[in-house]
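Structure record follows, encoded as structure tokens.
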Amino acid sequence: MSASRNDDIYQKKPQFLTLPPANGGTTVIQIPYHSSPPAGPTHKALAGVLFLNGFRSSMNGNKACTLEQYCRQQEQHSSKDSYYSIGFTRLDYRGHTEEELLTNSNADYFASLGMTDWIQDARAMLHHCVAEQSGPQVLVGSSMGAWIALHLALLEPDKVAGILGIGAAPDFTRDIWEGLTEAQLQELRDRGRLLMPSQYSTTPYPISQHLLQDGSKWLLLSHSQEDQNTEGATATNNGSCNHTAHNDDKSGKATSAQSTSSVINVSCPVRLVHGQQDVDVSWKKSLLLAEAIASKDVQVTLIKSGDHRLSTPEDLELICRILGDLITTITATNE
């Protein structure tokens, strides 16, 4: 069952992870985060959950806080005759604090950021969590966060026990680029950024040319996969379908986005949840991901009435249940 609101989670003050200056700068980077450490001994295969939020979303969102409360309530998990605890951590990437998003402060700084920076932030936090909690993490990625989670699994396979993607939005920068009108392209050329209206904010989202160009370095799916007809893929509403893909390349890198068929060499268990009423990212994107991910343990859950945010009480209850099942699967297969 999903957790009810706990003001202790929503109101607690953040800690800060300090990173060295980036891009030749002189100012250290401070990454705010909240962490609920494990209450006791952790399982060797799984010490905690790291939540990765979406583009222009802060760590204080409803999904992140609900999942943290769920993990607190479930912190003692039975594994045969033993018991273990799990931690929970959430962070704000650079430019994503609640204050920055609400006031659109430091807009020039935000325009200088992109996937490279946010993957770096999340990777540093993953290292911190593994060191502090003495074990691998399950990555829960919402929208852009799922894209980041997949790259962390490619970069740090020994530190990632599993992935739960919610409304996964890999390659969303390419989707934005290819959907721009000629007038928007001209604005981007003239100003280096444009403002795009969003149903999730009273102010438009700033989209910079740097964001779109930097995103091209991190594409996971090929154009042929994006364009393919997915009518043959089946999934049960509020159920799941399993997809597997294989690749002889053991480099741990995603194949080129220009290839005929990309394989994402992620080997850990992956769960993908997507709403079929999502007007921002098609639910078919999750089916394409399931086909491309090399792991043999990939499941897709489609929520027929769900939108992109998947934040209704029913959606959150299902997501919590899927996370709990994923944790059980990971620990049961690593006894």
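How things are named: the first chain in the structure tokens is A, the next is B, and so on; residues count from 1 in each chain; ligands count from 1 in the order shown.
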Which residues come within 6 Å of range 268-274 of chain A, counting only C-alpha atoms, excluding same-chain residues fewer than 3 positions away, as an MDAnalysis selection string?
-> chainID A and resid 162:167 283 295 297:302
From range 136-333 of chain A, collect each residue whose DSSP state is strand (DSSP E or B) and return the set as a ChimeraX atom specification.
-> /A:137-142,160-166,193-196,205-208,237,241-242,264,270-275,293,298-303
Mind checking which residues fall within 8 Å of Pro32 in chain A, counting only C-alpha atoms, ignoring those fewer than 6 positions away in the same chain, and posting them as a list in words?
->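 Residues near the query, excluding close chain neighbours: Pro14, Gln15, Phe16, Leu17, Leu91, Asp92, Tyr93 and Thr97 of chain A.
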Exercise: range 132-139 of chain A partners within 8 Å, only C-alpha atoms, chain neighbours under 3 positions left out, as a PyMOL selection string | chain A and resi 37-38+42-52+87+126+128-129+149+158-164+327
Range 182-194 of chain A environment, 12 Å, only C-alpha atoms, sequence neighbours closer than 3 positions dropped, as an NGL selection string | :A and (107-108 or 110-113 or 176-179 or 197 or 204-213)
Identify, with DSSP run on backbone atoms, the residues in range 27-249 of chain A assigned to alpha helix (DSSP H), and express the list as JSON, numbers by chain.
-> {"A": [62, 63, 64, 65, 66, 67, 68, 69, 70, 71, 72, 73, 98, 99, 100, 101, 102, 103, 107, 108, 109, 110, 111, 115, 116, 117, 118, 119, 120, 121, 122, 123, 124, 125, 126, 127, 128, 129, 130, 131, 132, 133, 144, 145, 146, 147, 148, 149, 150, 151, 152, 153, 154, 155, 172, 173, 174, 175, 176, 177, 178, 179, 182, 183, 184, 185, 186, 187, 188, 189, 190, 191, 209, 210, 211, 212, 213, 214, 215, 223, 224, 225, 226, 227]}
Can I get the residues of range 75-182 of chain A within 6 Å of range 215-223 of chain A, each with the closest pair of atoms and their distance in Å to one decimal, using only C-alpha atoms, sorted chain first then ascending number, as CSV?
```
residue,atom,partner,partner_atom,distance
A:Met115,CA,A:Gly215,CA,5.7
A:Asp171,CA,A:Leu219,CA,5.2
A:Thr173,CA,A:Gly215,CA,5.7
```
Keeping only all heavy atoms, write the selected residues to a file as a PDB file, in the first residue's frame.
```pdb
ATOM      1  N   MET A 115      22.473  17.029 -19.989  1.00  0.00           N
ATOM      2  CA  MET A 115      22.525  15.645 -19.525  1.00  0.00           C
ATOM      3  C   MET A 115      23.883  15.270 -18.956  1.00  0.00           C
ATOM      4  O   MET A 115      23.972  14.519 -17.975  1.00  0.00           O
ATOM      5  CB  MET A 115      22.153  14.704 -20.677  1.00  0.00           C
ATOM      6  CG  MET A 115      20.675  14.674 -21.014  1.00  0.00           C
ATOM      7  SD  MET A 115      19.659  14.011 -19.667  1.00  0.00           S
ATOM      8  CE  MET A 115      20.223  12.303 -19.614  1.00  0.00           C
ATOM      9  N   ASP A 171      16.184   9.909 -24.504  1.00  0.00           N
ATOM     10  CA  ASP A 171      16.342  10.650 -25.766  1.00  0.00           C
ATOM     11  C   ASP A 171      15.313  11.767 -25.924  1.00  0.00           C
ATOM     12  O   ASP A 171      14.997  12.171 -27.041  1.00  0.00           O
ATOM     13  CB  ASP A 171      16.266   9.707 -26.970  1.00  0.00           C
ATOM     14  CG  ASP A 171      17.192   8.507 -26.871  1.00  0.00           C
ATOM     15  OD1 ASP A 171      18.044   8.488 -25.963  1.00  0.00           O
ATOM     16  OD2 ASP A 171      17.066   7.585 -27.691  1.00  0.00           O
ATOM     17  N   THR A 173      15.545  14.833 -25.515  1.00  0.00           N
ATOM     18  CA  THR A 173      16.092  16.028 -26.163  1.00  0.00           C
ATOM     19  C   THR A 173      15.989  15.919 -27.686  1.00  0.00           C
ATOM     20  O   THR A 173      15.717  16.908 -28.372  1.00  0.00           O
ATOM     21  CB  THR A 173      17.554  16.243 -25.744  1.00  0.00           C
ATOM     22  OG1 THR A 173      18.296  15.026 -25.957  1.00  0.00           O
ATOM     23  CG2 THR A 173      17.641  16.630 -24.275  1.00  0.00           C
TER      24      THR A 173
END
```
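Residue neighbourhood of Ala64 in chain A, excluding near-sequence residues (fewer than 3 positions): Ile9, Tyr10, Leu50, Phe51, Leu52, Asn53, Ser58, Met59, Asn60, Gly61, Leu67, Glu68, Gln69, Tyr70, Phe88, Thr89, Arg90, Leu91, Val140, Gly141 and Ser142 of chain A, at 10 Å, using only C-alpha atoms.
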